[in-house]
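Below is model05.pdb, which holds PDB, C-alpha atoms and all ligand atoms.
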ATOM      1  CA  MET I   1     113.622  80.046 149.278
ATOM      2  CA  LYS I   2     111.841  81.571 146.338
ATOM      3  CA  ARG I   3     109.039  84.066 146.744
ATOM      4  CA  LEU I   4     106.254  84.446 144.279
ATOM      5  CA  LEU I   5     104.979  87.988 144.046
ATOM      6  CA  GLY I   6     101.651  88.807 142.453
ATOM      7  CA  PHE I   7     102.423  92.022 140.622
ATOM      8  CA  PHE I   8     100.151  95.033 140.409
ATOM      9  CA  LEU I   9     102.303  98.057 139.688
ATOM     10  CA  LEU I  10     106.004  98.619 139.594
ATOM     11  CA  SER I  11     105.848 100.347 142.928
ATOM     12  CA  ILE I  12     106.288  97.703 145.557
ATOM     13  CA  LEU I  13     109.301  96.723 147.514
ATOM     14  CA  PHE I  14     111.602  94.379 145.743
ATOM     15  CA  ILE I  15     112.369  91.592 148.158
ATOM     16  CA  GLY I  16     114.360  88.454 147.661
ATOM     17  CA  CYS I  17     115.051  85.988 150.387
ATOM     18  CA  ASN I  18     117.772  83.401 150.413
ATOM     19  CA  ASP I  19     118.812  81.677 153.602
ATOM     20  CA  GLY I  20     118.032  84.749 155.628
ATOM     21  CA  ASP I  21     119.436  87.357 153.229
ATOM     22  CA  VAL I  22     116.991  90.080 152.330
ATOM     23  CA  ILE I  23     117.556  92.413 149.391
ATOM     24  CA  VAL I  24     115.462  95.550 149.261
ATOM     25  CA  THR I  25     115.502  98.109 146.508
ATOM     26  CA  SER I  26     112.987 100.799 145.658
ATOM     27  CA  PHE I  27     112.054  99.328 142.269
ATOM     28  CA  SER I  28     109.772 102.261 141.619
ATOM     29  CA  PHE I  29     108.837 102.739 137.989
ATOM     30  CA  GLU I  30     105.135 103.537 138.122
ATOM     31  CA  ASP I  31     105.398 107.152 137.015
ATOM     32  CA  THR I  32     108.044 106.647 134.377
ATOM     33  CA  ASN I  33     107.547 106.188 130.694
ATOM     34  CA  LEU I  34     108.375 103.051 128.837
ATOM     35  CA  GLN I  35     111.082 103.986 126.327
ATOM     36  CA  PHE I  36     112.409 102.285 123.275
ATOM     37  CA  CYS I  37     115.380 102.059 120.963
ATOM     38  CA  THR I  38     115.816  99.795 117.980
ATOM     39  CA  GLY I  39     118.769  98.162 116.299
ATOM     40  CA  SER I  40     118.997  96.358 113.003
ATOM     41  CA  ASP I  41     117.524  93.132 114.289
ATOM     42  CA  SER I  42     116.809  93.718 117.962
ATOM     43  CA  TYR I  43     114.470  95.713 120.157
ATOM     44  CA  LEU I  44     115.318  97.324 123.476
ATOM     45  CA  PHE I  45     112.623  98.614 125.818
ATOM     46  CA  PHE I  46     113.526 100.244 129.117
ATOM     47  CA  LYS I  47     112.291 102.249 132.075
ATOM     48  CA  ILE I  48     114.339 104.446 134.387
ATOM     49  CA  ASN I  49     112.990 104.896 137.896
ATOM     50  CA  ASN I  50     112.048 108.146 139.553
ATOM     51  CA  ALA I  51     115.391 108.644 141.263
ATOM     52  CA  ASP I  52     117.148 107.893 137.951
ATOM     53  CA  THR I  53     119.389 105.346 139.609
ATOM     54  CA  GLU I  54     117.632 102.120 138.634
ATOM     55  CA  SER I  55     116.470 100.705 135.347
ATOM     56  CA  ILE I  56     114.656  97.722 133.996
ATOM     57  CA  SER I  57     115.162  96.798 130.370
ATOM     58  CA  LEU I  58     114.095  94.125 127.913
ATOM     59  CA  LEU I  59     116.161  93.156 124.893
ATOM     60  CA  PHE I  60     114.842  90.737 122.293
ATOM     61  CA  GLN I  61     115.523  89.727 118.727
ATOM     62  CA  GLY I  62     112.669  90.145 116.277
ATOM     63  CA  ASP I  63     111.632  90.712 112.704
ATOM     64  CA  SER I  64     112.119  94.224 111.371
ATOM     65  CA  ASP I  65     108.426  94.499 110.425
ATOM     66  CA  ILE I  66     107.108  93.843 113.918
ATOM     67  CA  PHE I  67     105.328  97.233 114.133
ATOM     68  CA  PHE I  68     103.638  97.080 110.722
ATOM     69  CA  THR I  69     100.701  94.877 111.716
ATOM     70  CA  SER I  70      98.334  94.361 114.615
ATOM     71  CA  ASP I  71      99.545  91.253 116.344
ATOM     72  CA  THR I  72     100.609  89.652 119.604
ATOM     73  CA  THR I  73     104.260  88.605 119.688
ATOM     74  CA  ARG I  74     105.483  86.351 122.471
ATOM     75  CA  VAL I  75     109.210  86.022 123.071
ATOM     76  CA  THR I  76     110.669  83.446 125.429
ATOM     77  CA  LEU I  77     113.389  84.891 127.638
ATOM     78  CA  ASP I  78     116.541  82.797 127.348
ATOM     79  CA  GLY I  79     119.230  84.938 128.987
ATOM     80  CA  THR I  80     121.288  85.253 125.803
ATOM     81  CA  SER I  81     119.269  86.643 122.866
ATOM     82  CA  ASN I  82     116.216  87.725 124.822
ATOM     83  CA  TYR I  83     116.450  88.909 128.413
ATOM     84  CA  ILE I  84     115.506  91.396 131.098
ATOM     85  CA  ASN I  85     118.012  93.443 133.082
ATOM     86  CA  PHE I  86     117.220  95.128 136.357
ATOM     87  CA  ARG I  87     120.137  97.378 137.304
ATOM     88  CA  ILE I  88     121.048  99.666 140.178
ATOM     89  CA  TYR I  89     123.607 102.388 139.395
ATOM     90  CA  ASN I  90     126.044 104.508 141.353
ATOM     91  CA  GLY I  91     124.621 107.643 139.775
ATOM     92  CA  GLN I  92     121.891 109.002 137.552
ATOM     93  CA  VAL I  93     121.275 107.171 134.317
ATOM     94  CA  SER I  94     119.668 108.612 131.180
ATOM     95  CA  SER I  95     118.131 107.187 128.027
ATOM     96  CA  SER I  96     121.430 107.676 126.164
ATOM     97  CA  TYR I  97     122.861 104.943 128.360
ATOM     98  CA  PHE I  98     120.624 102.472 126.512
ATOM     99  CA  CYS I  99     120.360 103.732 122.946
ATOM    100  CA  ASN I 100     123.995 104.548 122.237
ATOM    101  CA  GLU I 101     125.976 101.866 120.467
ATOM    102  CA  VAL I 102     128.788 102.457 122.955
ATOM    103  CA  PRO I 103     127.209 103.160 126.341
ATOM    104  CA  PRO I 104     128.758 105.861 128.514
ATOM    105  CA  THR I 105     131.316 104.751 131.102
ATOM    106  CA  THR I 106     129.311 106.347 133.907
ATOM    107  CA  PRO I 107     127.216 105.649 135.797
ATOM    108  CA  GLN I 108     128.235 102.107 136.588
ATOM    109  CA  ALA I 109     125.872  99.329 137.496
ATOM    110  CA  ILE I 110     126.580  98.347 141.071
ATOM    111  CA  ASP I 111     123.979  95.592 141.193
ATOM    112  CA  GLU I 112     122.222  93.667 138.484
ATOM    113  CA  TYR I 113     119.498  91.061 138.168
ATOM    114  CA  LEU I 114     119.119  89.052 134.979
ATOM    115  CA  GLY I 115     115.739  87.858 133.784
ATOM    116  CA  ASN I 116     116.444  84.735 131.795
ATOM    117  CA  SER I 117     113.142  82.955 132.229
ATOM    118  CA  GLY I 118     109.650  84.079 131.360
ATOM    119  CA  VAL I 119     107.718  85.315 128.352
ATOM    120  CA  ALA I 120     107.584  88.853 126.984
ATOM    121  CA  GLU I 121     104.269  89.677 125.323
ATOM    122  CA  LEU I 122     104.237  92.568 122.880
ATOM    123  CA  VAL I 123     100.792  93.607 121.647
ATOM    124  CA  THR I 124     100.952  95.845 118.577
ATOM    125  CA  ILE I 125      97.929  97.797 117.367
ATOM    126  CA  ALA I 126      98.560  99.228 113.905
ATOM    127  CA  SER I 127      96.202 101.809 112.390
ATOM    128  CA  TYR I 128      96.111 102.193 108.622
ATOM    129  CA  ASP I 129      94.887 105.040 106.430
ATOM    130  CA  ASP I 130      94.835 104.970 102.627
ATOM    131  CA  LEU I 131      94.325 108.762 102.321
ATOM    132  CA  ASP I 132      91.838 108.078  99.522
ATOM    133  CA  GLY I 133      89.390 110.831 100.480
ATOM    134  CA  ILE I 134      86.946 108.576 102.340
ATOM    135  CA  ASP I 135      87.029 108.361 106.125
ATOM    136  CA  SER I 136      88.294 104.945 107.256
ATOM    137  CA  ASP I 137      85.175 104.447 109.382
ATOM    138  CA  ASP I 138      83.017 104.886 106.281
ATOM    139  CA  GLU I 139      84.929 102.249 104.306
ATOM    140  CA  GLY I 140      84.311  99.378 106.707
ATOM    141  CA  LEU I 141      85.864  95.941 106.562
ATOM    142  CA  LEU I 142      84.867  95.153 102.970
ATOM    143  CA  ASP I 143      87.399  94.120 100.332
ATOM    144  CA  THR I 144      85.548  95.097  97.177
ATOM    145  CA  ASP I 145      88.238  94.014  94.700
ATOM    146  CA  GLU I 146      89.247  90.978  96.792
ATOM    147  CA  ASP I 147      92.934  91.847  96.573
ATOM    148  CA  GLY I 148      93.523  91.109 100.251
ATOM    149  CA  ILE I 149      93.633  94.808 101.193
ATOM    150  CA  LEU I 150      90.484  95.908 102.982
ATOM    151  CA  ASN I 151      88.830  99.050 101.618
ATOM    152  CA  TYR I 152      89.814 101.241 104.574
ATOM    153  CA  PHE I 153      93.477 100.976 103.630
ATOM    154  CA  ASP I 154      93.062 100.199  99.917
ATOM    155  CA  PHE I 155      93.702 103.335  97.901
ATOM    156  CA  ASP I 156      92.155 101.649  94.822
ATOM    157  CA  ASP I 157      89.012 100.052  96.202
ATOM    158  CA  ASP I 158      87.699  98.521  92.976
ATOM    159  CA  GLY I 159      91.099  97.348  91.738
ATOM    160  CA  ASP I 160      90.762  99.100  88.375
ATOM    161  CA  ASN I 161      94.180 100.799  88.716
ATOM    162  CA  VAL I 162      92.507 104.200  89.010
ATOM    163  CA  PRO I 163      92.970 105.465  92.601
ATOM    164  CA  THR I 164      89.763 106.008  94.586
ATOM    165  CA  LEU I 165      90.795 109.624  95.193
ATOM    166  CA  LEU I 166      90.424 110.262  91.433
ATOM    167  CA  GLU I 167      87.086 108.429  91.176
ATOM    168  CA  LEU I 168      85.146 110.225  93.905
ATOM    169  CA  ASP I 169      83.099 113.379  93.626
ATOM    170  CA  THR I 170      86.289 115.232  92.815
ATOM    171  CA  GLU I 171      84.496 118.388  91.671
ATOM    172  CA  ASN I 172      82.369 118.643  94.845
ATOM    173  CA  ALA I 173      79.446 119.630  92.605
ATOM    174  CA  ASP I 174      76.960 119.525  95.491
ATOM    175  CA  GLY I 175      79.223 121.750  97.598
ATOM    176  CA  ASP I 176      78.957 119.668 100.775
ATOM    177  CA  ASN I 177      82.601 118.553 100.826
ATOM    178  CA  ASN I 178      81.447 114.963 101.368
ATOM    179  CA  PRO I 179      82.700 112.674  98.606
ATOM    180  CA  LEU I 180      80.204 109.981  99.587
ATOM    181  CA  THR I 181      76.951 111.937  99.122
ATOM    182  CA  ASN I 182      77.141 112.223  95.341
ATOM    183  CA  PRO I 183      80.006 110.042  94.154
ATOM    184  CA  LYS I 184      80.719 110.021  90.448
ATOM    185  CA  ASP I 185      78.776 107.341  88.556
ATOM    186  CA  THR I 186      79.828 107.791  84.942
ATOM    187  CA  ASP I 187      77.676 105.015  83.422
ATOM    188  CA  GLY I 188      74.721 105.630  85.746
ATOM    189  CA  ASP I 189      74.536 101.994  86.852
ATOM    190  CA  SER I 190      74.171 103.026  90.529
ATOM    191  CA  ILE I 191      77.645 101.665  91.294
ATOM    192  CA  PRO I 192      79.862 104.675  92.060
ATOM    193  CA  ASP I 193      83.000 104.861  89.940
ATOM    194  CA  TYR I 194      85.320 104.178  92.877
ATOM    195  CA  LEU I 195      83.617 100.782  93.340
ATOM    196  CA  ASP I 196      82.917 100.115  89.633
ATOM    197  CA  ASP I 197      85.489  98.107  87.669
ATOM    198  CA  ASP I 198      83.853  99.169  84.328
ATOM    199  CA  ASP I 199      83.293 102.862  84.844
ATOM    200  CA  ASP I 200      81.819 103.750  81.454
ATOM    201  CA  GLY I 201      79.760 100.560  81.129
ATOM    202  CA  ASP I 202      81.174  99.694  77.708
ATOM    203  CA  GLY I 203      81.787  96.080  78.622
ATOM    204  CA  VAL I 204      85.565  96.486  78.859
ATOM    205  CA  LEU I 205      87.029  96.590  82.356
ATOM    206  CA  THR I 206      88.601  99.922  83.237
ATOM    207  CA  ARG I 207      91.827  98.055  84.008
ATOM    208  CA  TYR I 208      91.816  96.795  80.397
ATOM    209  CA  GLU I 209      91.361 100.294  78.890
ATOM    210  CA  ASP I 210      95.054 100.950  79.489
ATOM    211  CA  SER I 211      96.464 100.957  75.962
ATOM    212  CA  ASP I 212     100.042 101.792  76.992
ATOM    213  CA  LEU I 213      99.948  99.090  79.674
ATOM    214  CA  ASN I 214     101.527 101.360  82.306
ATOM    215  CA  LEU I 215      98.999 100.443  85.035
ATOM    216  CA  ASP I 216      97.439 103.917  84.745
ATOM    217  CA  PRO I 217      94.231 104.092  82.664
ATOM    218  CA  THR I 218      93.941 107.852  83.257
ATOM    219  CA  ASN I 219      96.521 108.748  80.598
ATOM    220  CA  ASP I 220      95.036 106.710  77.723
ATOM    221  CA  ILE I 221      92.918 109.255  75.838
ATOM    222  CA  ASP I 222      91.637 108.863  72.266
ATOM    223  CA  ASP I 223      89.174 111.788  72.419
ATOM    224  CA  VAL I 224      90.290 114.697  74.558
ATOM    225  CA  THR I 225      86.801 116.213  74.467
ATOM    226  CA  VAL I 226      85.468 113.189  76.388
ATOM    227  CA  GLY I 227      88.439 112.224  78.515
ATOM    228  CA  PRO I 228      90.216 108.958  79.292
ATOM    229  CA  ASN I 229      89.049 105.896  77.366
ATOM    230  CA  PHE I 230      87.845 104.219  80.569
ATOM    231  CA  LEU I 231      85.288 107.031  80.864
ATOM    232  CA  ASN I 232      84.416 107.001  77.157
ATOM    233  CA  PRO I 233      81.877 104.300  76.240
ATOM    234  CA  LYS I 234      82.555 104.880  72.521
ATOM    235  CA  VAL I 235      86.102 103.599  72.926
ATOM    236  CA  SER I 236      86.207  99.969  73.971
ATOM    237  CA  ASN I 237      89.570  98.553  72.954
ATOM    238  CA  SER I 238      90.641  95.876  75.406
ATOM    239  CA  TYR I 239      94.184  95.198  76.594
ATOM    240  CA  ILE I 240      94.200  92.280  79.000
ATOM    241  CA  LEU I 241      96.170  93.447  82.039
ATOM    242  CA  ASP I 242      95.574  91.466  85.190
ATOM    243  CA  ILE I 243      98.189  93.230  87.292
ATOM    244  CA  TYR I 244      97.571  95.642  90.165
ATOM    245  CA  ARG I 245      99.544  98.822  90.568
ATOM    246  CA  GLU I 246     101.620  99.363  93.690
ATOM    247  CA  HIS I 247      99.524 100.354  96.704
ATOM    248  CA  SER I 248     100.559 102.660  99.528
ATOM    249  CA  PHE I 249      99.004 103.453 102.895
ATOM    250  CA  ASP I 250     100.052 105.233 106.057
ATOM    251  CA  PHE I 251     100.376 103.407 109.362
ATOM    252  CA  SER I 252     100.835 104.315 113.016
ATOM    253  CA  THR I 253     101.345 101.741 115.745
ATOM    254  CA  ASN I 254     100.733 101.615 119.491
ATOM    255  CA  ILE I 255     102.148  98.893 121.729
ATOM    256  CA  VAL I 256     101.567  97.329 125.143
ATOM    257  CA  LEU I 257     104.360  95.322 126.737
ATOM    258  CA  LYS I 258     103.966  92.784 129.543
ATOM    259  CA  ILE I 259     106.190  90.083 130.986
ATOM    260  CA  TYR I 260     104.776  86.827 132.332
ATOM    261  CA  ASN I 261     106.403  84.442 134.781
ATOM    262  CA  LEU I 262     109.554  86.493 134.993
ATOM    263  CA  VAL I 263     112.414  85.091 137.051
ATOM    264  CA  LEU I 264     115.068  87.623 138.039
ATOM    265  CA  THR I 265     118.306  86.229 139.396
ATOM    266  CA  ASN I 266     121.361  87.743 141.012
ATOM    267  CA  GLY I 267     123.729  85.098 142.268
ATOM    268  CA  LYS I 268     121.694  83.083 144.705
ATOM    269  CA  GLU I 269     118.830  85.556 144.807
ATOM    270  CA  GLN I 270     115.797  84.716 142.763
ATOM    271  CA  ILE I 271     112.620  86.728 142.437
ATOM    272  CA  THR I 272     109.594  85.742 140.416
ATOM    273  CA  TYR I 273     106.805  87.871 139.007
ATOM    274  CA  GLU I 274     103.629  86.403 137.637
ATOM    275  CA  THR I 275     102.800  89.510 135.608
ATOM    276  CA  LEU I 276     104.950  92.556 135.081
ATOM    277  CA  ILE I 277     103.283  95.363 133.114
ATOM    278  CA  LEU I 278     106.111  97.321 131.559
ATOM    279  CA  GLY I 279     103.790  99.838 129.928
ATOM    280  CA  SER I 280     102.636 101.185 126.604
ATOM    281  CA  ILE I 281     103.870 103.513 123.880
ATOM    282  CA  GLU I 282     101.601 105.329 121.444
ATOM    283  CA  GLY I 283     102.895 105.939 117.947
ATOM    284  CA  ILE I 284     106.033 103.888 118.476
ATOM    285  CA  GLN I 285     106.424 103.783 114.714
ATOM    286  CA  ALA I 286     104.619 105.513 111.868
ATOM    287  CA  GLY I 287     105.189 105.886 108.163
ATOM    288  CA  THR I 288     104.088 104.741 104.748
ATOM    289  CA  LEU I 289     103.941 101.137 103.600
ATOM    290  CA  LEU I 290     104.139 100.047  99.975
ATOM    291  CA  THR I 291     102.790  96.760  98.675
ATOM    292  CA  THR I 292     101.694  95.332  95.348
ATOM    293  CA  PRO I 293      98.820  92.892  95.785
ATOM    294  CA  ASN I 294      98.956  89.638  93.877
ATOM    295  CA  PHE I 295      96.264  89.415  91.267
TER     296      PHE I 295
HETATM  297 CA    CA W   1      90.867  95.771  98.272
HETATM  298 CA    CA W   2      89.879 102.787 100.240
HETATM  299 CA    CA W   3      86.296 102.498  88.889
HETATM  300 CA    CA W   4      85.781 102.943  77.290
END

As a first step, turn the structure in this file into structure tokens.
Ligand SMILES: [Ca+2]
Ligand SMILES: [Ca+2]
Ligand SMILES: [Ca+2]
Ligand SMILES: [Ca+2]
Amino acid sequence: MKRLLGFFLLSILFIGCNDGDVIVTSFSFEDTNLQFCTGSDSYLFFKINNADTESISLLFQGDSDIFFTSDTTRVTLDGTSNYINFRIYNGQVSSSYFCNEVPPTTPQAIDEYLGNSGVAELVTIASYDDLDGIDSDDEGLLDTDEDGILNYFDFDDDGDNVPTLLELDTENADGDNNPLTNPKDTDGDSIPDYLDDDDDGDGVLTRYEDSDLNLDPTNDIDDVTVGPNFLNPKVSNSYILDIYREHSFDFSTNIVLKIYNLVLTNGKEQITYETLILGSIEGIQAGTLLTTPNF
């Protein structure tokens, strides 16, 4: 006979019935952290219970960039590539048992249930920051240059190959340390330089005032008393260059992991969970991403 257990927390008795046999374990994971280790093409999440003698783990194969974007990934458990293990040990188990390539010989698993049916749902929430001097909340969900990178993680918001950080109120002339109150507007057209693709208003796009074609208009200077040609309206040579420079932004990702319709089996025993909340991890991965938008 199979029992269906509505699942609230990992703190209830673990009961399987089969022709009169009753298996009871503590299955108590409510106060333990979800932990994680990664391989080249697989992900292993696990929890160790309070007495350190039981564990539940999920292994699945996935793309290496799974933590780079906000998404919901659903993996079907198949018992071979993607599966759950619930194990009971003859001694205390530690995280090194899971994340070492060669697991320690002790403790030994004295009982094991395999979850080979169900769906693992991994929700990833990735936060991006372009470090361009403007608070992400102030940049909103616009994509001024339409390069596919929204302003809040686009370090060159107007796509002129001059980073926003260099186009703001870099001198803080008003002394308020807020780059948005008096942003530079070289040509006085009321479009601040960091959102203006022709900063000096000479009719040649800033991106095209890049005479050495190195995707950096800041080092093309005909008159040092004025500055770069893209800020000098008296210099208007045009070099067609419809290529974006490489973009970079920082990311940090949180996750929530749940299992739906899990079936755990051990010989003839079979236990089913409708919903098993394995837990969450904040900042599971963080770093810098590089990308060059297509023009
Ligand atoms: Ca953009
Ligand atoms: Ca930006
Ligand atoms: Ca500009
Ligand atoms: Ca110019």

Let me know the residues the PyMOL selection byres (((chain I and resi 159) around 8) and not hetatm) catches in the file above, as a compact mmCIF listing (two decimals) with C-alpha atoms, in the coordinates of the input.
# COMPACT_ATOMS: atom_id res chain seq x y z
CA ASP I 145 88.24 94.01 94.70
CA ASP I 147 92.93 91.85 96.57
CA ASP I 156 92.16 101.65 94.82
CA ASP I 157 89.01 100.05 96.20
CA ASP I 158 87.70 98.52 92.98
CA ASP I 160 90.76 99.10 88.38
CA ASN I 161 94.18 100.80 88.72
CA VAL I 162 92.51 104.20 89.01
CA ASP I 197 85.49 98.11 87.67
CA ARG I 207 91.83 98.06 84.01
CA TYR I 244 97.57 95.64 90.16

> In terms of the shortest atom-to-atom distance over all atoms listed in the file, which of I:Thr225, I:Ser280, I:Thr164, I:Asn214 is closest to I:Thr32?
Replying inline: I:Ser280

>> One decimal, in Å: what's the spacing between atom CA of I:Ser42 and atom CA of I:Cys99?
In response: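 Computed distance, atom CA of I:Ser42 to atom CA of I:Cys99, equals 11.7 Å.
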
> Could you write out as an MDAnalysis selection string the residues that the PyMOL selection byres (((not hetatm)) within 10 of (chain W and resi 1)) matches in the shown file?
Replying inline: chainID I and resid 141:159 247 293

>> Between I:Leu264, I:Leu205, I:Ile284, I:Leu231, which residue has the minimum interatomic distance to I:Ser57, considering only C-alpha atoms?
In response: I:Leu264

Sorted per-residue table, chain I near ligand CA 4 (chain W), closest atoms and distance, 9 Å, only C-alpha atoms and all ligand atoms, as a tab-separated table:
residue	atom	partner	partner_atom	distance
I:Asp198	CA	W:CA4	CA	8.2
I:Asp199	CA	W:CA4	CA	8.0
I:Asp200	CA	W:CA4	CA	5.8
I:Gly201	CA	W:CA4	CA	7.5
I:Asp202	CA	W:CA4	CA	5.7
I:Gly203	CA	W:CA4	CA	8.1
I:Val204	CA	W:CA4	CA	6.6
I:Leu205	CA	W:CA4	CA	8.2
I:Thr206	CA	W:CA4	CA	7.2
I:Glu209	CA	W:CA4	CA	6.4
I:Pro228	CA	W:CA4	CA	7.7
I:Asn229	CA	W:CA4	CA	4.4
I:Phe230	CA	W:CA4	CA	4.1
I:Leu231	CA	W:CA4	CA	5.5
I:Asn232	CA	W:CA4	CA	4.3
I:Pro233	CA	W:CA4	CA	4.3
I:Lys234	CA	W:CA4	CA	6.1
I:Val235	CA	W:CA4	CA	4.4
I:Ser236	CA	W:CA4	CA	4.5
I:Asn237	CA	W:CA4	CA	7.2
I:Ser238	CA	W:CA4	CA	8.8

Work out where the centre of an axis-aligned box around every listed atom of stretch 101-109 of chain I lies and how long its edges are once 3 Å is added on each side; give both in Å to one decimal as JSON.
{"center_x": 128.6, "center_y": 102.8, "center_z": 129.0, "size_x": 11.4, "size_y": 13.0, "size_z": 23.0}

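The space separating atom CA of I:Ala173 from atom CA of I:Asp223 comes to 23.7 Å.
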
> Using only C-alpha atoms and all ligand atoms, which of the listed residues (I:Leu165, I:Leu58, I:Leu195, I:Leu241) sits closest to ligand CA 3 (chain W)?
Replying inline: I:Leu195

>> What's the separation between atom CA of I:Gly267 and atom CA of I:Gly279, in Å to one decimal place?
In response: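 Between atom CA of I:Gly267 and atom CA of I:Gly279 the gap works out to 27.7 Å.
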
>> Is it possible to get the residues within 10 Å of (119.9, 106.7, 128.8) (coordinates as in the file, counting all atoms listed in the file) written as an MDAnalysis selection string?
In response: chainID I and resid 35 46:48 52 55 92:100 103:104

>> Using only C-alpha atoms and a cutoff of 7 Å, can you tell me which residues are near (101.7, 102.9, 109.8) in the file's coordinates, and write them out as a PyMOL selection string?
In response: chain I and resi 68+126-128+250-253+285-289

> Of the candidates I:Ile84, I:Leu77, I:Leu131, I:Ala120, which shows the shortest atom-to-atom distance to ligand CA 2 (chain W), using all atoms listed in the file?
Replying inline: I:Leu131

Just the residues within 8 Å of I:Asp41, please, counting only C-alpha atoms, with nothing from its chain fewer than 6 positions along; format it as a PDB file with C-alpha atoms, in the coordinates of the input.
ATOM      1  CA  GLN I  61     115.523  89.727 118.727  1.00  0.00           C
ATOM      2  CA  GLY I  62     112.669  90.145 116.277  1.00  0.00           C
ATOM      3  CA  ASP I  63     111.632  90.712 112.704  1.00  0.00           C
ATOM      4  CA  SER I  64     112.119  94.224 111.371  1.00  0.00           C
TER       5      SER I  64
END

>> Applying the PyMOL selection byres (((chain I and resi 119) around 9) and not hetatm) to the file I just gave you, which residues come out? Please list them as a list in words.
In response: Arg74, Val75, Thr76, Leu77, Ser117, Gly118, Ala120, Glu121, Lys258, Ile259, Tyr260, Asn261 and Leu262 of chain I
